[in-house]
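Coordinates from coords.cif are shown below (mmCIF, C-alpha atoms and all ligand atoms).
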data_upload
#
loop_
_atom_site.label_atom_id
_atom_site.label_comp_id
_atom_site.auth_asym_id
_atom_site.auth_seq_id
_atom_site.Cartn_x
_atom_site.Cartn_y
_atom_site.Cartn_z
CA MET A 1 0.00 0.00 0.00
CA ARG A 2 1.44 3.31 -1.10
CA VAL A 3 0.32 6.14 1.19
CA ILE A 4 0.86 9.71 -0.01
CA ILE A 5 -0.08 12.49 2.37
CA LYS A 6 -0.49 15.93 0.78
CA LYS A 7 -1.11 19.37 2.17
CA ASP A 8 -4.68 19.81 1.00
CA TYR A 9 -7.46 18.88 -1.39
CA LYS A 10 -5.96 20.84 -4.27
CA GLU A 11 -2.63 18.99 -4.01
CA ILE A 12 -4.37 15.61 -3.87
CA SER A 13 -6.38 16.44 -6.97
CA GLN A 14 -3.29 17.61 -8.84
CA GLU A 15 -1.35 14.48 -7.90
CA ALA A 16 -4.29 12.26 -8.93
CA SER A 17 -4.53 14.03 -12.28
CA ARG A 18 -0.77 13.56 -12.79
CA ILE A 19 -1.08 9.81 -12.19
CA ILE A 20 -3.97 9.57 -14.69
CA LYS A 21 -2.15 11.75 -17.23
CA ASN A 22 0.97 9.56 -17.07
CA LEU A 23 -1.04 6.39 -17.48
CA VAL A 24 -3.16 7.63 -20.40
CA ASN A 25 -0.13 9.10 -22.14
CA LYS A 26 1.56 5.72 -21.88
CA LYS A 27 -1.53 3.68 -22.87
CA SER A 28 -3.97 5.77 -24.92
CA ASP A 29 -6.72 3.12 -24.74
CA THR A 30 -6.71 3.01 -20.95
CA THR A 31 -9.88 1.84 -19.21
CA LEU A 32 -10.61 4.05 -16.22
CA GLY A 33 -12.95 3.26 -13.35
CA LEU A 34 -14.61 6.47 -12.18
CA ALA A 35 -16.25 7.62 -8.98
CA THR A 36 -18.72 10.37 -8.13
CA GLY A 37 -19.34 12.38 -4.94
CA SER A 38 -17.60 15.55 -3.75
CA THR A 39 -14.09 14.11 -3.55
CA PRO A 40 -13.20 13.69 -7.26
CA LEU A 41 -14.72 17.04 -8.36
CA GLU A 42 -11.43 18.95 -8.30
CA LEU A 43 -9.66 16.04 -10.04
CA TYR A 44 -12.21 16.21 -12.86
CA LYS A 45 -11.67 19.97 -13.16
CA GLU A 46 -7.94 19.31 -13.45
CA LEU A 47 -8.50 16.66 -16.15
CA VAL A 48 -10.68 19.10 -18.11
CA ARG A 49 -7.90 21.70 -17.90
CA LEU A 50 -5.21 19.20 -18.98
CA ASN A 51 -7.40 18.12 -21.90
CA LYS A 52 -7.94 21.74 -23.01
CA ASP A 53 -4.17 22.32 -22.78
CA LYS A 54 -3.65 19.19 -24.93
CA GLU A 55 -1.63 17.47 -22.22
CA ILE A 56 -3.97 14.47 -22.23
CA SER A 57 -6.43 13.01 -24.73
CA PHE A 58 -9.38 10.79 -23.88
CA CYS A 59 -10.12 9.89 -27.54
CA ASN A 60 -9.39 6.20 -27.00
CA VAL A 61 -10.22 5.98 -23.29
CA LYS A 62 -13.11 3.89 -21.94
CA THR A 63 -14.68 4.57 -18.57
CA PHE A 64 -16.81 2.55 -16.16
CA ASN A 65 -18.49 4.23 -13.22
CA LEU A 66 -18.76 2.48 -9.90
CA ASP A 67 -22.44 3.00 -9.30
CA GLU A 68 -25.73 4.74 -10.01
CA TYR A 69 -28.80 5.43 -7.94
CA TYR A 70 -31.64 3.04 -8.68
CA GLY A 71 -35.08 4.53 -9.24
CA ILE A 72 -34.10 7.71 -11.09
CA ASN A 73 -33.32 8.12 -14.78
CA SER A 74 -30.13 9.44 -16.33
CA SER A 75 -31.50 12.96 -16.94
CA HIS A 76 -32.22 13.48 -13.22
CA PRO A 77 -29.83 16.21 -11.93
CA GLN A 78 -28.72 13.92 -9.09
CA SER A 79 -28.09 10.91 -11.30
CA TYR A 80 -24.47 9.96 -11.64
CA ARG A 81 -24.79 10.02 -15.46
CA TYR A 82 -25.79 13.69 -15.16
CA TYR A 83 -22.91 14.33 -12.71
CA MET A 84 -20.35 12.74 -15.05
CA LYS A 85 -21.66 14.62 -18.10
CA THR A 86 -21.68 18.00 -16.41
CA ASN A 87 -18.42 17.61 -14.47
CA LEU A 88 -16.31 15.72 -17.00
CA PHE A 89 -17.60 14.09 -20.15
CA ASP A 90 -19.14 17.19 -21.81
CA HIS A 91 -15.84 19.06 -21.44
CA ILE A 92 -13.29 16.54 -22.72
CA ASP A 93 -12.63 14.77 -26.04
CA ILE A 94 -14.02 11.40 -24.93
CA ASN A 95 -16.40 9.40 -27.13
CA GLN A 96 -19.45 9.23 -24.85
CA ASN A 97 -20.34 5.83 -26.33
CA ASN A 98 -17.27 4.59 -24.45
CA THR A 99 -18.52 5.84 -21.08
CA PHE A 100 -20.40 3.22 -19.09
CA ILE A 101 -22.50 3.93 -16.01
CA PRO A 102 -25.01 1.46 -14.57
CA LYS A 103 -28.59 2.22 -15.64
CA GLY A 104 -30.75 3.31 -12.75
CA ASP A 105 -34.14 3.16 -14.42
CA LEU A 106 -34.58 -0.52 -15.22
CA ASN A 107 -37.48 -2.69 -14.21
CA VAL A 108 -36.41 -4.65 -11.13
CA LYS A 109 -36.82 -7.92 -13.07
CA GLU A 110 -34.22 -6.77 -15.63
CA VAL A 111 -31.59 -5.74 -13.09
CA ALA A 112 -29.78 -9.04 -12.43
CA GLN A 113 -29.20 -9.74 -16.12
CA TYR A 114 -28.19 -6.14 -16.73
CA CYS A 115 -25.59 -6.32 -13.92
CA GLN A 116 -24.08 -9.44 -15.50
CA LEU A 117 -23.85 -7.55 -18.78
CA TYR A 118 -22.09 -4.64 -17.02
CA GLU A 119 -19.49 -7.05 -15.66
CA LYS A 120 -19.09 -8.66 -19.10
CA THR A 121 -18.59 -5.26 -20.72
CA ILE A 122 -15.78 -4.51 -18.25
CA ILE A 123 -14.07 -7.80 -19.13
CA GLU A 124 -14.49 -7.18 -22.87
CA ALA A 125 -12.82 -3.79 -22.40
CA GLY A 126 -9.79 -5.65 -21.01
CA GLY A 127 -10.60 -4.94 -17.36
CA ILE A 128 -10.12 -1.69 -15.46
CA ASP A 129 -6.58 -0.33 -15.63
CA LEU A 130 -7.03 2.29 -12.93
CA GLN A 131 -9.97 2.62 -10.55
CA ILE A 132 -10.62 5.93 -8.76
CA LEU A 133 -12.18 5.36 -5.34
CA GLY A 134 -13.56 7.52 -2.56
CA ILE A 135 -14.74 6.35 0.84
CA GLY A 136 -18.11 6.92 2.48
CA GLY A 137 -18.43 8.06 6.09
CA ASP A 138 -19.48 4.49 6.96
CA GLY A 139 -16.49 2.96 5.15
CA HIS A 140 -18.31 2.04 1.97
CA ILE A 141 -16.57 1.85 -1.40
CA ALA A 142 -18.91 2.43 -4.33
CA PHE A 143 -22.27 1.62 -2.69
CA ASN A 144 -20.94 -1.49 -0.95
CA GLU A 145 -22.25 -0.75 2.51
CA PRO A 146 -20.98 -2.31 5.76
CA GLY A 147 -21.63 -6.05 5.68
CA SER A 148 -21.23 -6.36 1.90
CA SER A 149 -19.53 -9.54 0.78
CA PHE A 150 -15.91 -9.12 -0.22
CA LYS A 151 -16.75 -11.32 -3.21
CA SER A 152 -19.78 -9.28 -4.30
CA ARG A 153 -20.27 -8.40 -7.96
CA THR A 154 -22.29 -5.66 -9.67
CA ARG A 155 -25.81 -5.82 -8.23
CA LEU A 156 -28.79 -3.99 -6.78
CA VAL A 157 -28.08 -2.80 -3.22
CA ALA A 158 -29.90 -0.89 -0.50
CA LEU A 159 -28.25 2.25 0.84
CA ASP A 160 -27.37 2.47 4.50
CA LYS A 161 -29.19 5.01 6.70
CA GLN A 162 -25.93 6.94 7.15
CA THR A 163 -25.36 7.13 3.37
CA ILE A 164 -28.90 8.43 2.84
CA GLN A 165 -28.23 11.03 5.53
CA ASP A 166 -24.80 11.95 4.06
CA ASN A 167 -26.16 12.27 0.53
CA SER A 168 -29.25 14.24 1.54
CA ARG A 169 -27.11 17.39 1.18
CA PHE A 170 -27.54 17.09 -2.59
CA PHE A 171 -31.36 16.83 -2.43
CA THR A 172 -33.99 19.34 -1.26
CA ASP A 173 -35.53 16.75 1.07
CA ILE A 174 -34.05 13.57 2.60
CA LYS A 175 -37.18 11.72 1.40
CA GLU A 176 -36.02 12.30 -2.18
CA VAL A 177 -32.73 10.41 -1.70
CA PRO A 178 -33.03 7.07 -3.50
CA ARG A 179 -32.91 4.05 -1.17
CA PHE A 180 -31.31 1.74 -3.70
CA ALA A 181 -28.45 1.73 -6.15
CA ILE A 182 -26.72 -0.46 -8.70
CA SER A 183 -23.14 -0.85 -7.60
CA MET A 184 -20.03 -2.64 -8.74
CA GLY A 185 -19.22 -5.26 -6.13
CA ILE A 186 -16.16 -5.37 -3.92
CA GLY A 187 -14.98 -8.38 -5.93
CA THR A 188 -15.34 -6.31 -9.12
CA ILE A 189 -13.39 -3.38 -7.66
CA LEU A 190 -10.55 -5.57 -6.40
CA GLU A 191 -9.99 -6.86 -9.95
CA ALA A 192 -8.88 -3.39 -11.11
CA LYS A 193 -5.20 -3.57 -12.04
CA GLU A 194 -4.50 -0.44 -10.03
CA ILE A 195 -6.50 1.62 -7.52
CA LEU A 196 -6.26 5.29 -6.68
CA PHE A 197 -7.98 5.97 -3.37
CA LEU A 198 -8.80 9.59 -2.51
CA ALA A 199 -9.98 11.09 0.78
CA THR A 200 -9.91 14.59 2.13
CA GLY A 201 -10.95 16.49 5.26
CA LYS A 202 -11.24 15.93 8.98
CA ASN A 203 -14.58 14.15 8.76
CA LYS A 204 -12.94 11.26 6.87
CA ALA A 205 -10.01 10.89 9.33
CA GLU A 206 -11.48 8.22 11.62
CA ILE A 207 -12.85 6.03 8.86
CA VAL A 208 -9.62 6.33 6.84
CA ALA A 209 -7.65 5.12 9.88
CA LYS A 210 -10.04 2.17 10.35
CA ALA A 211 -9.79 1.29 6.66
CA LEU A 212 -6.00 1.49 6.40
CA GLU A 213 -4.84 0.40 9.83
CA GLY A 214 -7.73 -1.50 11.34
CA PRO A 215 -8.59 -5.17 10.94
CA ILE A 216 -9.98 -6.30 7.61
CA THR A 217 -13.67 -6.62 8.20
CA SER A 218 -16.80 -6.39 6.07
CA ILE A 219 -18.10 -3.88 8.64
CA VAL A 220 -15.53 -1.46 7.15
CA PRO A 221 -15.75 -2.42 3.46
CA ALA A 222 -12.76 -0.21 2.50
CA SER A 223 -10.51 -2.25 4.82
CA ILE A 224 -10.33 -4.97 2.14
CA LEU A 225 -8.25 -2.56 0.07
CA GLN A 226 -5.32 -3.56 2.29
CA LEU A 227 -5.20 -6.72 0.16
CA HIS A 228 -4.86 -4.94 -3.18
CA PRO A 229 -1.30 -5.24 -4.52
CA LYS A 230 -1.21 -1.92 -6.37
CA ILE A 231 -3.08 0.78 -4.50
CA THR A 232 -2.13 4.41 -3.95
CA ILE A 233 -3.76 6.13 -1.00
CA LEU A 234 -3.84 9.85 -1.70
CA ILE A 235 -5.03 11.81 1.33
CA ASP A 236 -4.58 15.25 2.84
CA HIS A 237 -3.18 16.00 6.31
CA GLN A 238 -6.66 16.26 7.79
CA ALA A 239 -7.89 12.93 6.44
CA ALA A 240 -4.59 11.38 7.60
CA SER A 241 -4.77 12.88 11.08
CA CYS A 242 -5.95 9.71 12.89
CA LEU A 243 -3.37 7.40 11.31
CA LYS A 244 -1.08 5.82 13.91
CA ARG A 245 1.75 5.41 11.41
CA TYR A 246 1.49 8.94 10.01
CA SER A 247 5.21 9.70 10.37
CA HIS A 248 6.15 6.29 8.92
CA TYR A 249 4.20 7.08 5.73
CA GLN A 250 6.04 10.38 5.40
CA PHE A 251 9.38 8.60 5.93
CA ILE A 252 8.56 6.12 3.16
CA GLN A 253 7.47 8.94 0.85
CA GLU A 254 10.91 10.51 1.26
CA ALA A 255 12.55 7.16 0.53
CA GLU A 256 10.39 6.85 -2.58
CA GLN A 257 11.58 10.21 -3.83
CA GLU A 258 15.15 9.12 -3.23
CA ILE A 259 14.84 5.93 -5.26
CA GLY A 260 12.59 7.54 -7.91
CA THR A 261 9.98 4.80 -8.38
CA PRO A 262 6.60 4.17 -6.75
CA LEU A 263 6.80 1.79 -3.78
CA PHE A 264 3.58 -0.17 -3.20
P1 LIG A 301 -17.82 12.02 -0.99
O1 LIG A 301 -18.43 10.56 -1.06
O2 LIG A 301 -16.73 12.08 -2.01
O3 LIG A 301 -18.98 12.91 -1.38
O4 LIG A 301 -17.33 12.24 0.39
C1 LIG A 301 -17.56 9.46 -1.09
C2 LIG A 301 -18.37 8.19 -1.10
O5 LIG A 301 -19.49 8.16 -0.58
O6 LIG A 301 -17.86 7.18 -1.62
#
Output the structure of this file as structure tokens.
Ligand code: PGA
Amino acid sequence: MRVIIKKDYKEISQEASRIIKNLVNKKSDTTLGLATGSTPLELYKELVRLNKDKEISFCNVKTFNLDEYYGINSSHPQSYRYYMKTNLFDHIDINQNNTFIPKGDLNVKEVAQYCQLYEKTIIEAGGIDLQILGIGGDGHIAFNEPGSSFKSRTRLVALDKQTIQDNSRFFTDIKEVPRFAISMGIGTILEAKEILFLATGKNKAEIVAKALEGPITSIVPASILQLHPKITILIDHQAASCLKRYSHYQFIQEAEQEIGTPLF
């Protein structure tokens, strides 16, 4: 696990965009796994800027989003399709036919087969080269809430009470927050060749410490990331503030700069 602690949100976002830029410039047909929420917003702004400045092209890139609310359609302003269009896809040179986000408006009877198709589409794209991940206040990754199986695949899930509460800030009334979602499973996420985990701010500090330094338990779904062989944890000082081995991570970061290659 490679832990990089940066000064603030802006620095995290810049570092994340650098990692993506390097990868896409090396492999133009990269398959990216994308996340929504507040955390990647600044990263997406950075990618838009880099694309405008011709430092990165998404012409041959494919993307798969982690999840989508179930029960709203893609034109809903809180749908993740709408979020991705307005924050990224409409402003870069990507072919939007190569952007995949689970459909949130299917009949419940169609969902299981559709989820299998989503998984198959990922495999046909050669798998996810780099998955961007955030963490929920309850430790979820994508919408894999506490108690989710570590072997879970893309499926219909119910949102936890805390997630509904956390996400109510985007809706006029908490009653409008969807109760269900279609989410990649933890098993799906762990198959990404590389993971870039982002967290920022004091309110993520305790859950970040549980995920990175606590026991691996399905009660903290993000704790399974300890088993991923190629994961970069990119966090700011505030999100890192409850880590017991804070100074160790900084020591290793210095060593990494000395040797000039990422140390996972
Ligand atoms: P946030 O959400 O980026 O809005 O904090 C992260 C998540 O719920 O995965």
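Shortest atom-to-atom contact with A:Glu110 among A:Ile235, A:Val177, A:Ile122, A:Leu156: A:Leu156, counting all atoms listed in the file.
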Could you report the residues within 6 Å of ligand LIG 301 (chain A), using all atoms listed in the file, as a PyMOL selection string?
chain A and resi 37-39+134-136+141-142
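Closest approach to A:Met1 among A:Gln226, A:Ser241, A:Asn98, A:Ser183: A:Gln226, based on all atoms listed in the file.
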Please provide the set of residues having any atom within 12 Å of A:Arg18, restricted to only C-alpha atoms, with same-chain residues fewer than 2 positions apart removed, written as a ChimeraX atom specification.
/A:11-16,20-25,43-44,46-47,49-50,55-56,196
I need the residue nearest A:Glu145 from this list: A:Phe170, A:Phe180, A:Tyr114, A:Tyr70. Use all atoms listed in the file for the distance.
A:Phe180
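The interatomic distance for the pair atom CA of A:Asp160 and atom CA of A:Gly147 works out to 10.3 Å.
Using only C-alpha atoms, the nearest neighbour of A:Met184 within the list A:Asn97, A:Gln131, A:Ser223, A:Asn203 is A:Gln131.
Put simply, atom CA of A:Phe64 is 4.7 Å away from atom CA of A:Phe100.
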Give the centre and edge lengths of an axis-aligned box, in Å to one decimal, that holds all listed atoms of stretch 3-20 of chain A with 4 Å on each side, as JSON.
{"center_x": -3.3, "center_y": 13.5, "center_z": -6.2, "size_x": 16.3, "size_y": 22.7, "size_z": 25.1}
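You will find atom CA of A:Cys115 at 22.2 Å from atom CA of A:Ile224.
Closest approach to A:Phe264 among A:Thr232, A:Gly104, A:Tyr249, A:His237: A:Thr232, based on all atoms listed in the file.
Compared by their closest atoms to A:Glu206, and using all atoms listed in the file, the residues A:Lys62, A:His228, A:Arg179, A:Lys244 rank with A:Lys244 nearest.
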If you count all atoms listed in the file, which residues fall within 12 Å of A:Lys52, apart from same-chain ones fewer than 5 positions away, as a PyMOL selection string?
chain A and resi 45-47+57-58+88+91-93
Check which residues of stretch 5-67 of chain A sit at most 10 Å from stretch 77-86 of chain A using only C-alpha atoms, and return one row each with the closest pair of atoms and their distance in Å to one decimal, ordered by chain and rising number, as CSV.
residue,atom,partner,partner_atom,distance
A:Leu34,CA,A:Met84,CA,9.0
A:Ala35,CA,A:Met84,CA,8.9
A:Thr36,CA,A:Tyr80,CA,6.7
A:Gly37,CA,A:Tyr83,CA,8.8
A:Leu41,CA,A:Tyr83,CA,9.7
A:Tyr44,CA,A:Met84,CA,9.1
A:Asn65,CA,A:Tyr80,CA,8.4
A:Leu66,CA,A:Tyr80,CA,9.6
A:Asp67,CA,A:Tyr80,CA,7.6
